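For reference, target10.cif is printed below; it contains mmCIF, C-alpha atoms.
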```cif
data_work
#
loop_
_atom_site.label_atom_id
_atom_site.label_comp_id
_atom_site.auth_asym_id
_atom_site.auth_seq_id
_atom_site.Cartn_x
_atom_site.Cartn_y
_atom_site.Cartn_z
CA MET H 1 14.40 29.16 -60.24
CA SER H 2 14.04 25.74 -61.68
CA ASN H 3 12.44 24.24 -58.58
CA VAL H 4 9.29 26.30 -58.64
CA GLY H 5 7.24 23.87 -60.69
CA HIS H 6 8.01 20.81 -58.58
CA TYR H 7 5.32 20.50 -55.93
CA GLY H 8 6.20 18.21 -53.12
CA SER H 9 9.59 17.58 -54.56
CA SER H 10 12.41 17.11 -52.13
CA THR H 11 14.26 19.96 -53.79
CA SER H 12 11.66 22.46 -52.54
CA THR H 13 13.53 22.67 -49.27
CA SER H 14 16.27 24.58 -51.03
CA LEU H 15 13.79 27.44 -51.45
CA MET H 16 13.91 28.05 -47.76
CA SER H 17 17.00 29.85 -46.72
CA SER H 18 18.21 29.42 -43.21
CA ALA H 19 17.23 33.01 -42.42
CA LEU H 20 13.62 32.32 -43.32
CA SER H 21 13.47 29.12 -41.37
CA SER H 22 14.86 30.82 -38.30
CA LEU H 23 12.09 33.40 -38.58
CA ALA H 24 9.48 30.71 -38.80
CA GLU H 25 10.88 28.61 -35.99
CA PRO H 26 12.98 30.79 -33.76
CA GLU H 27 15.60 29.11 -31.63
CA PRO H 28 14.06 28.39 -28.28
CA LYS H 29 15.49 30.55 -25.54
CA LEU H 30 17.31 28.52 -22.97
CA VAL H 31 18.08 28.92 -19.32
CA ASP H 32 20.04 26.78 -16.92
CA GLY H 33 18.14 23.76 -15.67
CA ILE H 34 19.32 24.44 -12.19
CA ALA H 35 17.40 27.71 -12.08
CA LEU H 36 14.18 25.77 -12.54
CA ASP H 37 15.25 23.17 -9.97
CA TYR H 38 15.83 25.85 -7.35
CA LEU H 39 12.63 27.62 -8.29
CA LEU H 40 10.61 24.43 -7.84
CA ILE H 41 12.17 23.70 -4.49
CA GLU H 42 11.53 27.15 -3.10
CA LEU H 43 8.14 27.33 -4.78
CA VAL H 44 6.86 24.59 -2.50
CA GLN H 45 7.96 26.44 0.60
CA THR H 46 6.59 29.76 -0.60
CA LEU H 47 3.27 28.22 -1.49
CA ARG H 48 3.10 26.46 1.83
CA GLN H 49 3.28 29.89 3.46
CA SER H 50 0.74 31.42 1.16
CA THR H 51 -1.59 28.45 1.65
CA LEU H 52 -1.47 29.02 5.39
CA VAL H 53 -2.32 32.66 4.91
CA ALA H 54 -5.09 31.92 2.45
CA THR H 55 -6.71 29.17 4.50
CA SER H 56 -6.58 31.18 7.70
CA LYS H 57 -8.19 34.10 5.89
CA LEU H 58 -10.85 31.74 4.62
CA ARG H 59 -11.46 30.40 8.10
CA ALA H 60 -11.64 33.89 9.51
CA ARG H 61 -14.27 34.80 6.93
CA GLU H 62 -16.19 31.63 7.66
CA LYS H 63 -16.10 32.41 11.34
CA GLU H 64 -17.37 35.92 10.67
CA MET H 65 -20.25 34.56 8.71
CA VAL H 66 -21.04 31.99 11.38
CA ASP H 67 -20.93 34.67 14.07
CA ALA H 68 -23.20 36.85 12.02
CA GLY H 69 -25.58 33.94 11.82
CA LEU H 70 -25.40 33.74 8.04
CA ILE H 71 -24.31 30.14 7.87
CA PRO H 72 -24.72 27.35 10.41
CA PRO H 73 -21.55 26.48 12.34
CA THR H 74 -19.55 23.60 10.90
CA PRO H 75 -20.14 20.41 12.91
CA PRO H 76 -17.25 19.43 15.20
CA ILE H 77 -14.90 16.89 13.64
CA PRO H 78 -15.38 13.46 15.24
CA PRO H 79 -12.20 12.36 17.08
CA SER H 80 -11.91 9.21 14.98
CA LYS H 81 -10.93 11.36 12.00
CA LYS H 82 -7.91 12.88 13.70
CA GLU H 83 -4.54 11.58 12.56
CA SER H 84 -2.88 9.36 15.12
CA LYS H 85 0.30 11.42 14.77
CA GLY H 86 -1.48 14.32 16.39
CA LYS H 87 -1.91 16.35 13.24
CA GLY H 88 -5.36 17.85 13.26
CA PRO H 89 -7.58 17.73 10.19
CA GLU H 90 -6.65 21.37 9.63
CA ASP H 91 -3.11 20.39 8.71
CA ASP H 92 -4.46 17.92 6.22
CA GLU H 93 -6.65 20.63 4.78
CA GLU H 94 -3.64 22.84 4.32
CA GLU H 95 -1.51 20.09 2.89
CA GLU H 96 -4.32 19.31 0.48
CA ALA H 97 -4.70 22.97 -0.47
CA LEU H 98 -0.96 23.15 -1.10
CA ARG H 99 -1.11 20.01 -3.20
CA ILE H 100 -3.94 21.43 -5.27
CA ARG H 101 -1.97 24.62 -5.90
CA LEU H 102 1.13 22.75 -6.95
CA GLU H 103 -0.90 20.52 -9.21
CA SER H 104 -2.60 23.42 -10.91
CA ILE H 105 0.72 25.15 -11.55
CA GLY H 106 1.97 21.86 -12.98
CA ALA H 107 -1.12 21.60 -15.15
CA THR H 108 -0.50 25.03 -16.65
CA VAL H 109 3.08 24.11 -17.44
CA GLY H 110 2.20 20.64 -18.75
CA GLY H 111 -0.58 21.91 -20.96
CA ASN H 112 1.59 24.52 -22.60
CA VAL H 113 4.54 22.20 -23.05
CA ALA H 114 2.30 19.59 -24.68
CA GLU H 115 0.80 22.20 -26.94
CA ARG H 116 4.17 23.43 -28.10
CA LEU H 117 5.61 20.02 -28.67
CA SER H 118 2.63 18.60 -30.53
CA LYS H 119 2.32 21.57 -32.85
CA ASP H 120 3.90 19.98 -35.87
CA ARG H 121 3.07 16.42 -35.11
CA ALA H 122 0.45 14.31 -36.80
CA ARG H 123 -2.77 13.71 -34.89
CA PHE H 124 -2.58 11.00 -32.27
CA GLN H 125 -3.94 7.64 -33.32
CA ASP H 126 -5.28 6.53 -29.99
CA THR H 127 -4.94 6.85 -26.26
CA LEU H 128 -1.82 4.75 -26.11
CA ASP H 129 -0.17 6.98 -28.65
CA THR H 130 -0.95 10.04 -26.57
CA ILE H 131 0.37 8.45 -23.42
CA LYS H 132 3.54 7.43 -25.21
CA PHE H 133 3.97 10.99 -26.41
CA VAL H 134 3.73 12.17 -22.83
CA CYS H 135 6.18 9.51 -21.72
CA LYS H 136 8.74 10.43 -24.29
CA GLU H 137 8.48 14.01 -25.43
CA VAL H 138 6.88 15.80 -22.51
CA TRP H 139 9.05 13.92 -20.03
CA ALA H 140 12.15 14.78 -22.01
CA ALA H 141 11.20 18.43 -22.29
CA VAL H 142 10.53 18.82 -18.60
CA TRP H 143 12.85 16.29 -16.96
CA ASP H 144 15.48 15.63 -19.58
CA LYS H 145 14.91 11.91 -19.92
CA GLN H 146 12.22 9.47 -20.94
CA VAL H 147 9.99 7.34 -18.79
CA ASP H 148 11.63 4.04 -17.90
CA ASN H 149 8.63 1.82 -17.89
CA LEU H 150 5.05 2.05 -19.10
CA ARG H 151 2.49 -0.53 -18.11
CA THR H 152 -1.20 -0.74 -18.80
CA ASN H 153 -4.11 -2.97 -18.00
CA HIS H 154 -5.70 -2.08 -21.30
CA ARG H 155 -8.70 -0.85 -19.46
CA GLY H 156 -7.81 2.76 -19.07
CA VAL H 157 -5.17 2.52 -16.36
CA TYR H 158 -1.56 3.27 -17.21
CA VAL H 159 1.37 3.20 -14.87
CA LEU H 160 4.37 5.33 -15.76
CA GLN H 161 7.51 4.43 -13.91
CA ASP H 162 10.65 6.46 -13.64
CA ASN H 163 13.62 4.94 -11.83
CA ALA H 164 15.55 8.13 -11.39
CA PHE H 165 13.03 10.91 -11.29
CA ARG H 166 14.79 14.23 -11.50
CA PRO H 167 12.94 16.10 -8.78
CA LEU H 168 13.67 13.23 -6.40
CA LEU H 169 17.30 12.74 -7.23
CA ARG H 170 18.72 15.02 -4.62
CA VAL H 171 16.13 14.71 -1.90
CA SER H 172 17.46 13.53 1.39
CA SER H 173 16.61 14.06 4.99
CA ALA H 174 18.62 14.20 8.16
CA SER H 175 16.00 12.09 9.91
CA GLY H 176 16.39 9.13 7.60
CA SER H 177 14.86 7.81 4.45
CA ALA H 178 11.31 7.36 5.75
CA ASP H 179 11.13 11.03 6.62
CA ALA H 180 12.64 11.98 3.28
CA LEU H 181 10.02 9.87 1.56
CA SER H 182 7.06 11.48 3.26
CA LYS H 183 8.43 14.97 2.66
CA ALA H 184 9.26 14.19 -0.96
CA ARG H 185 5.67 13.34 -1.78
CA ILE H 186 4.61 16.95 -1.98
CA TYR H 187 7.22 17.61 -4.65
CA LEU H 188 5.50 15.04 -6.79
CA ALA H 189 2.34 17.12 -6.84
CA PHE H 190 3.81 19.52 -9.37
CA SER H 191 4.91 16.65 -11.58
CA SER H 192 1.57 14.90 -11.53
CA GLY H 193 0.04 18.23 -12.44
CA VAL H 194 2.33 18.43 -15.45
CA ILE H 195 1.19 15.01 -16.63
CA ARG H 196 -2.45 15.77 -16.02
CA GLY H 197 -2.21 19.13 -17.77
CA ALA H 198 -0.39 17.67 -20.75
CA LEU H 199 -2.96 14.90 -21.19
CA ALA H 200 -5.85 17.30 -20.73
CA ARG H 201 -4.49 19.63 -23.38
CA LEU H 202 -4.28 16.66 -25.73
CA GLY H 203 -7.85 15.67 -25.00
CA LEU H 204 -7.49 13.01 -22.32
CA TYR H 205 -8.99 13.86 -18.97
CA ALA H 206 -7.29 11.65 -16.46
CA VAL H 207 -6.66 11.37 -12.77
CA VAL H 208 -2.98 11.12 -11.97
CA VAL H 209 -1.81 9.61 -8.72
CA PRO H 210 1.89 9.74 -7.89
CA GLU H 211 3.48 7.16 -5.69
CA THR H 212 6.97 6.61 -4.43
CA THR H 213 8.34 3.86 -2.25
CA THR H 214 12.08 4.23 -2.66
CA LEU H 215 13.71 7.44 -3.72
CA PRO H 216 14.46 8.35 -6.49
CA GLN H 217 12.11 5.91 -8.08
CA CYS H 218 8.47 6.83 -8.52
CA THR H 219 5.38 5.85 -10.44
CA PHE H 220 2.45 7.81 -11.76
CA GLN H 221 -0.83 6.00 -12.08
CA VAL H 222 -2.95 7.50 -14.82
CA LYS H 223 -6.63 6.60 -14.77
CA LEU H 224 -8.62 7.45 -17.81
CA PRO H 225 -12.39 7.45 -17.71
CA LYS H 226 -14.03 4.66 -19.67
CA ALA H 227 -14.57 5.98 -23.14
CA PHE H 228 -18.09 5.67 -24.34
CA ASN H 229 -17.87 3.04 -27.01
CA HIS H 230 -20.73 2.81 -29.48
CA PHE H 231 -20.07 -0.84 -30.27
CA THR H 232 -20.29 -2.44 -26.88
CA THR H 233 -23.56 -3.03 -25.10
CA PRO H 234 -23.70 -1.45 -21.68
CA ALA H 235 -22.79 -3.91 -18.92
CA MET C 1 40.01 41.32 -14.85
CA THR C 2 38.55 43.32 -17.62
CA SER C 3 34.93 43.43 -18.54
CA LYS C 4 35.65 41.44 -21.68
CA GLN C 5 37.32 38.70 -19.71
CA TYR C 6 34.32 38.38 -17.46
CA LYS C 7 32.09 38.20 -20.47
CA SER C 8 34.08 35.34 -21.94
CA ILE C 9 34.07 33.52 -18.61
CA GLY C 10 30.32 33.89 -18.53
CA ASP C 11 29.97 32.64 -22.09
CA ASP C 12 32.18 29.65 -21.40
CA LEU C 13 30.29 28.70 -18.28
CA TRP C 14 27.03 28.88 -20.16
CA LYS C 15 28.32 26.80 -23.05
CA SER C 16 29.74 24.13 -20.81
CA ARG C 17 26.47 23.83 -18.98
CA THR C 18 24.86 20.62 -20.16
CA GLU C 19 21.52 20.97 -18.41
CA LYS C 20 19.94 23.66 -20.54
CA ILE C 21 16.20 23.77 -20.48
CA ASN C 22 13.64 25.66 -22.45
CA ALA C 23 13.12 29.07 -20.89
CA GLU C 24 9.37 28.74 -21.42
CA LEU C 25 9.19 26.07 -18.77
CA PHE C 26 10.77 28.46 -16.36
CA THR C 27 8.56 31.35 -17.43
CA LEU C 28 5.38 29.31 -17.16
CA THR C 29 6.20 27.96 -13.72
CA TYR C 30 7.15 31.35 -12.37
CA GLY C 31 4.11 33.01 -13.90
CA ALA C 32 1.73 30.44 -12.45
CA LEU C 33 3.38 30.89 -9.07
CA VAL C 34 2.91 34.66 -9.12
CA VAL C 35 -0.75 34.23 -10.08
CA GLN C 36 -1.28 31.84 -7.20
CA LEU C 37 0.43 34.17 -4.73
CA ILE C 38 -1.72 37.07 -5.84
CA GLN C 39 -4.81 34.94 -5.30
CA ASP C 40 -3.66 33.86 -1.87
CA TYR C 41 -2.40 37.13 -0.47
CA GLU C 42 -4.66 39.56 -2.33
CA ASP C 43 -2.09 42.24 -1.53
CA TYR C 44 0.53 43.22 -4.08
CA ALA C 45 2.99 44.63 -1.57
CA GLU C 46 2.89 41.35 0.30
CA VAL C 47 3.39 39.40 -2.93
CA ASN C 48 6.45 41.55 -3.67
CA LYS C 49 7.77 40.72 -0.26
CA GLN C 50 7.16 37.00 -0.64
CA LEU C 51 8.82 36.92 -4.05
CA GLU C 52 11.84 38.68 -2.61
CA LYS C 53 11.97 36.25 0.28
CA MET C 54 11.77 33.30 -2.05
CA GLY C 55 14.53 34.84 -4.11
CA TYR C 56 16.64 35.27 -1.00
CA ASN C 57 16.40 31.56 -0.22
CA ILE C 58 17.26 30.67 -3.80
CA GLY C 59 20.16 33.13 -3.82
CA THR C 60 21.77 31.65 -0.75
CA ARG C 61 21.96 28.29 -2.53
CA LEU C 62 22.72 29.60 -5.97
CA ILE C 63 25.88 31.37 -4.89
CA GLU C 64 27.51 28.14 -3.80
CA ASP C 65 26.77 26.54 -7.12
CA PHE C 66 28.15 29.61 -8.84
CA LEU C 67 31.35 29.75 -6.82
CA ALA C 68 31.95 26.04 -7.31
CA ARG C 69 31.52 26.31 -11.05
CA SER C 70 33.26 29.54 -11.77
CA SER C 71 36.07 29.30 -9.22
CA LEU C 72 36.39 33.06 -9.33
CA GLY C 73 38.22 34.65 -6.48
CA ARG C 74 37.11 37.45 -4.26
CA CYS C 75 36.08 40.65 -5.94
CA SER C 76 38.35 43.55 -5.11
CA ASP C 77 35.62 46.17 -5.00
CA PHE C 78 31.92 46.63 -5.48
CA LYS C 79 32.41 47.66 -9.06
CA GLU C 80 33.88 44.27 -9.78
CA VAL C 81 30.94 42.65 -8.00
CA GLY C 82 28.64 44.38 -10.43
CA GLU C 83 30.66 43.15 -13.41
CA VAL C 84 30.75 39.58 -12.18
CA VAL C 85 27.04 39.53 -11.35
CA ALA C 86 26.04 40.89 -14.72
CA LYS C 87 28.47 39.15 -17.03
CA VAL C 88 29.05 35.85 -15.29
CA GLY C 89 26.20 35.33 -12.85
CA PHE C 90 23.22 36.21 -14.98
CA LYS C 91 24.80 34.62 -18.02
CA THR C 92 25.43 31.31 -16.31
CA PHE C 93 21.96 30.85 -14.92
CA LEU C 94 19.62 32.81 -17.14
CA ASN C 95 21.65 33.14 -20.31
CA ILE C 96 21.23 36.91 -20.34
CA THR C 97 23.78 39.66 -19.87
CA PRO C 98 22.26 42.75 -18.32
CA VAL C 99 24.02 46.03 -18.90
CA VAL C 100 25.74 47.19 -15.77
CA VAL C 101 26.22 50.84 -14.88
CA HIS C 102 28.31 51.77 -11.85
CA ILE C 103 27.43 54.68 -9.67
CA PRO C 104 30.29 55.76 -7.44
CA PRO C 105 29.51 56.07 -3.77
CA SER C 106 28.51 59.47 -2.45
CA SER C 107 31.29 61.28 -0.66
CA SER C 108 31.75 59.90 2.82
CA ALA C 109 33.76 61.01 5.78
CA PRO C 110 37.40 59.89 5.62
CA GLY C 111 37.93 56.58 7.33
CA GLN C 112 34.31 55.59 6.83
CA PRO C 113 33.53 52.51 4.75
CA PRO C 114 32.32 53.48 1.28
CA SER C 115 28.71 52.57 1.78
CA GLY C 116 26.36 53.64 -0.92
CA ALA C 117 28.32 52.14 -3.80
CA THR C 118 25.69 51.19 -6.31
CA PHE C 119 25.31 49.54 -9.65
CA THR C 120 22.25 49.21 -11.79
CA LEU C 121 21.47 46.25 -13.97
CA THR C 122 19.44 46.95 -17.05
CA LEU C 123 17.83 43.79 -18.33
CA GLU C 124 17.29 43.89 -22.03
CA GLU C 125 15.50 40.62 -21.91
CA ASN C 126 13.90 38.98 -18.94
CA PRO C 127 13.19 35.25 -19.18
CA LEU C 128 10.82 35.45 -16.24
CA ALA C 129 8.57 37.88 -17.99
CA GLU C 130 8.48 36.52 -21.50
CA PHE C 131 4.96 36.99 -22.95
CA VAL C 132 3.68 38.33 -19.64
CA GLU C 133 1.20 41.16 -19.43
CA LEU C 134 0.12 42.67 -16.16
CA PRO C 135 -3.53 43.53 -15.57
CA ASP C 136 -4.41 47.08 -14.49
CA GLU C 137 -4.92 46.04 -10.88
CA ALA C 138 -1.43 44.71 -10.64
CA LEU C 139 -0.05 47.87 -12.18
CA GLU C 140 -1.92 50.05 -9.75
CA GLY C 141 -1.11 47.75 -6.86
CA GLY C 142 2.58 48.16 -7.46
CA LEU C 143 3.52 44.59 -8.33
CA TRP C 144 7.15 44.03 -9.29
CA PHE C 145 6.70 40.85 -11.26
CA SER C 146 10.33 39.76 -11.26
CA ASN C 147 11.00 40.71 -7.67
CA VAL C 148 12.45 37.28 -7.07
CA LEU C 149 15.60 38.51 -8.84
CA CYS C 150 16.13 41.16 -6.18
CA GLY C 151 15.93 38.50 -3.51
CA VAL C 152 18.37 36.27 -5.35
CA LEU C 153 20.88 39.11 -5.52
CA ARG C 154 20.45 39.94 -1.86
CA GLY C 155 20.77 36.31 -0.74
CA ALA C 156 23.71 35.49 -2.94
CA LEU C 157 25.69 38.59 -2.03
CA GLU C 158 24.98 38.15 1.66
CA MET C 159 26.63 34.75 1.50
CA VAL C 160 29.77 36.44 0.24
CA GLN C 161 29.78 38.94 3.04
CA MET C 162 28.00 41.86 1.47
CA GLN C 163 24.80 43.33 2.73
CA VAL C 164 23.00 44.91 -0.17
CA GLU C 165 19.67 46.37 -0.98
CA ALA C 166 18.33 45.31 -4.36
CA THR C 167 15.23 46.96 -5.71
CA PHE C 168 13.49 47.41 -9.00
CA VAL C 169 13.65 50.89 -10.41
CA SER C 170 11.59 50.29 -13.52
CA ASP C 171 9.99 47.42 -15.38
CA VAL C 172 8.82 47.19 -18.97
CA LEU C 173 5.86 45.17 -17.72
CA ARG C 174 4.74 48.32 -15.97
CA GLY C 175 5.03 50.35 -19.09
CA ASP C 176 8.47 51.76 -18.36
CA ASP C 177 11.14 51.96 -21.04
CA THR C 178 13.58 49.67 -19.34
CA THR C 179 13.77 46.95 -16.74
CA GLU C 180 16.27 48.09 -14.15
CA ILE C 181 17.41 46.74 -10.82
CA ARG C 182 19.42 48.92 -8.49
CA VAL C 183 21.84 47.17 -6.17
CA LYS C 184 23.21 49.28 -3.35
CA LEU C 185 25.90 48.18 -0.98
CA ILE C 186 24.89 48.77 2.62
CA LYS C 187 27.95 47.37 4.27
CA TYR C 188 30.44 44.57 4.24
CA LEU C 189 29.62 41.91 6.76
CA GLU C 190 33.11 41.27 7.99
CA GLU C 191 34.96 42.81 10.88
CA GLU C 192 38.01 43.50 8.79
CA VAL C 193 38.46 46.81 7.04
CA PRO C 194 36.46 46.75 3.83
CA VAL C 195 38.46 46.94 0.62
CA GLY C 196 38.26 50.09 -1.38
CA ASP C 197 38.64 52.23 1.70
CA ASP C 198 41.62 54.53 1.84
#
```
Would you write the structure of this file as structure tokens?
Amino acid sequence: MSNVGHYGSSTSTSLMSSALSSLAEPEPKLVDGIALDYLLIELVQTLRQSTLVATSKLRAREKEMVDAGLIPPTPPIPPSKKESKGKGPEDDEEEEALRIRLESIGATVGGNVAERLSKDRARFQDTLDTIKFVCKEVWAAVWDKQVDNLRTNHRGVYVLQDNAFRPLLRVSSASGSADALSKARIYLAFSSGVIRGALARLGLYAVVVPETTTLPQCTFQVKLPKAFNHFTTPA
Amino acid sequence: MTSKQYKSIGDDLWKSRTEKINAELFTLTYGALVVQLIQDYEDYAEVNKQLEKMGYNIGTRLIEDFLARSSLGRCSDFKEVGEVVAKVGFKTFLNITPVVVHIPPSSSAPGQPPSGATFTLTLEENPLAEFVELPDEALEGGLWFSNVLCGVLRGALEMVQMQVEATFVSDVLRGDDTTEIRVKLIKYLEEEVPVGDD
């Protein structure tokens, strides 16, 4: 084999047969995108149910402890906090619990996707590089397209905008677009979890806030904590 | 149609599908969901039930997508249902082709619908359970990790007028040799005389 002595030569690739390379990097297994779409849709409903069960169990336990005198009773919620629509704070609690669950599932997925994709890549140069990676590669892996617009204030806040966000493409409601909008928000929780998880796995601990005003467009505001910079004097 | 023809239909449908995604995404999402459900319900039997229910809802929608894409006609008997499910259905959505074994219905009184027709699907690979390991508690508690598949089968087949019972018989995650789902026909949901009766 005449190539053996040539380190770093472009001919070294001929040493690798296709069989070897397929062992090293097996073809990723694929499934139909629609299976994941359906799973995500039903996931929200299923988790909503389980959240109800979990929170009512929690409340029952709390009540037991209060009755047994182990903890003081929770103070009554002042009426000013109640939603004007008539939803009690309990519904908000459940909605919040559901959102947290969806986000954490998203974070698991995002973290692992980011890990897989960045395996062979060079180290990221800076924050912007990492965010761009998320915008292009992670977005493409999860939602089959890239982010449409990325804006930043150069002070740790980035806004990622997608004009045709896949999870929102086929959301509609019989009661009109305002209703569809409010119901669609919860589906964004999973997606913001994906972003947060991906960034966290790559070393950036951010807060991600999704926002949508017109379906299927949406934005994700990513707030990064101020990095401690040795060279600036504290304000 | 022969088994081979169904297989090639399934392969074609899969190839023509443009939206292919990495199975890991699917596996990760499903896995995280099961973990969350276990935490919430703290009861494995209940989790099985919820997974099946979720699958049922998915199945009722999936079947429409499937029928629109495959434009296959009505199956003439339950045996054909099994072939289509295994070779076309699973292939189109999950890119796997479980092995299908038909079990003829037990002898029934003449004039009675042939209830009890069964087929088993043996999944050689399961995208839902890739890299998954169940802890001892889950094994003892009787968790069927991929129970959503049973629900999908039940929901989808109900939409095409068949009431079936789909249950897991064995699962490699539980230490068994194979992953097998048994699908038993309970009855046809139409008033007309079910096909296959003589």
Picked residues, the PyMOL selection byres ((chain H) within 8 of (chain C)), as a compact mmCIF listing (two decimals) with C-alpha atoms, in the frame of the given file:
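Written out: expr-v5.txt:
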```txt
# COMPACT_ATOMS: atom_id res chain seq x y z
CA PRO H 28 14.06 28.39 -28.28
CA LYS H 29 15.49 30.55 -25.54
CA LEU H 30 17.31 28.52 -22.97
CA VAL H 31 18.08 28.92 -19.32
CA ASP H 32 20.04 26.78 -16.92
CA GLY H 33 18.14 23.76 -15.67
CA ILE H 34 19.32 24.44 -12.19
CA ALA H 35 17.40 27.71 -12.08
CA LEU H 36 14.18 25.77 -12.54
CA TYR H 38 15.83 25.85 -7.35
CA LEU H 39 12.63 27.62 -8.29
CA GLU H 42 11.53 27.15 -3.10
CA LEU H 43 8.14 27.33 -4.78
CA THR H 46 6.59 29.76 -0.60
CA LEU H 47 3.27 28.22 -1.49
CA SER H 50 0.74 31.42 1.16
CA THR H 51 -1.59 28.45 1.65
CA VAL H 53 -2.32 32.66 4.91
CA ALA H 54 -5.09 31.92 2.45
CA ARG H 101 -1.97 24.62 -5.90
CA ILE H 105 0.72 25.15 -11.55
CA GLY H 106 1.97 21.86 -12.98
CA THR H 108 -0.50 25.03 -16.65
CA VAL H 109 3.08 24.11 -17.44
CA VAL H 113 4.54 22.20 -23.05
CA ALA H 141 11.20 18.43 -22.29
CA VAL H 142 10.53 18.82 -18.60
```
Item to check | Output check: residues returned by the PyMOL selection byres ((chain C and resi 45) around 8), as number ranges by chain | outcome: C: 43-44, 46-49, 141-143
Checklist outcome for this item: Separating CA of Val209 (chain H) from CA of Arg121 (chain H), to the nearest tenth of an Å, is a gap of 27.7 Å
Checklist entry - When you draw a straight line from CA of Glu125 (chain C) to CA of Met162 (chain C), how long is it in Å? => result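 Answer for the CA of Glu125 (chain C) to CA of Met162 (chain C) separation: 26.5 Å.
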Checklist entry - What is the distance between CA of Gln161 (chain H) and CA of Arg196 (chain H), in Å to one decimal? => result 15.2 Å
Checklist entry - Counting only C-alpha atoms, what is within 8 Å of Val169 (chain C), bar same-chain residues fewer than 4 positions away, as a list in words? => result Thr179, Glu180, Ile181 and Arg182 of chain C
Item to check | Nearby residues (all atoms listed in the file) at most 10 Å from region 118-121 of chain C, same-chain spacing under 3 positions excluded, as a ChimeraX atom specification | outcome: /C:78-79,81-83,85-86,97-106,115,124,164-169,179-186
Item to check | Contact residues around region 1-4 of chain C with all atoms listed in the file at 9 Å, ignoring same-chain residues under 6 positions, as a ChimeraX atom specification | outcome: /C:80,83-84,87
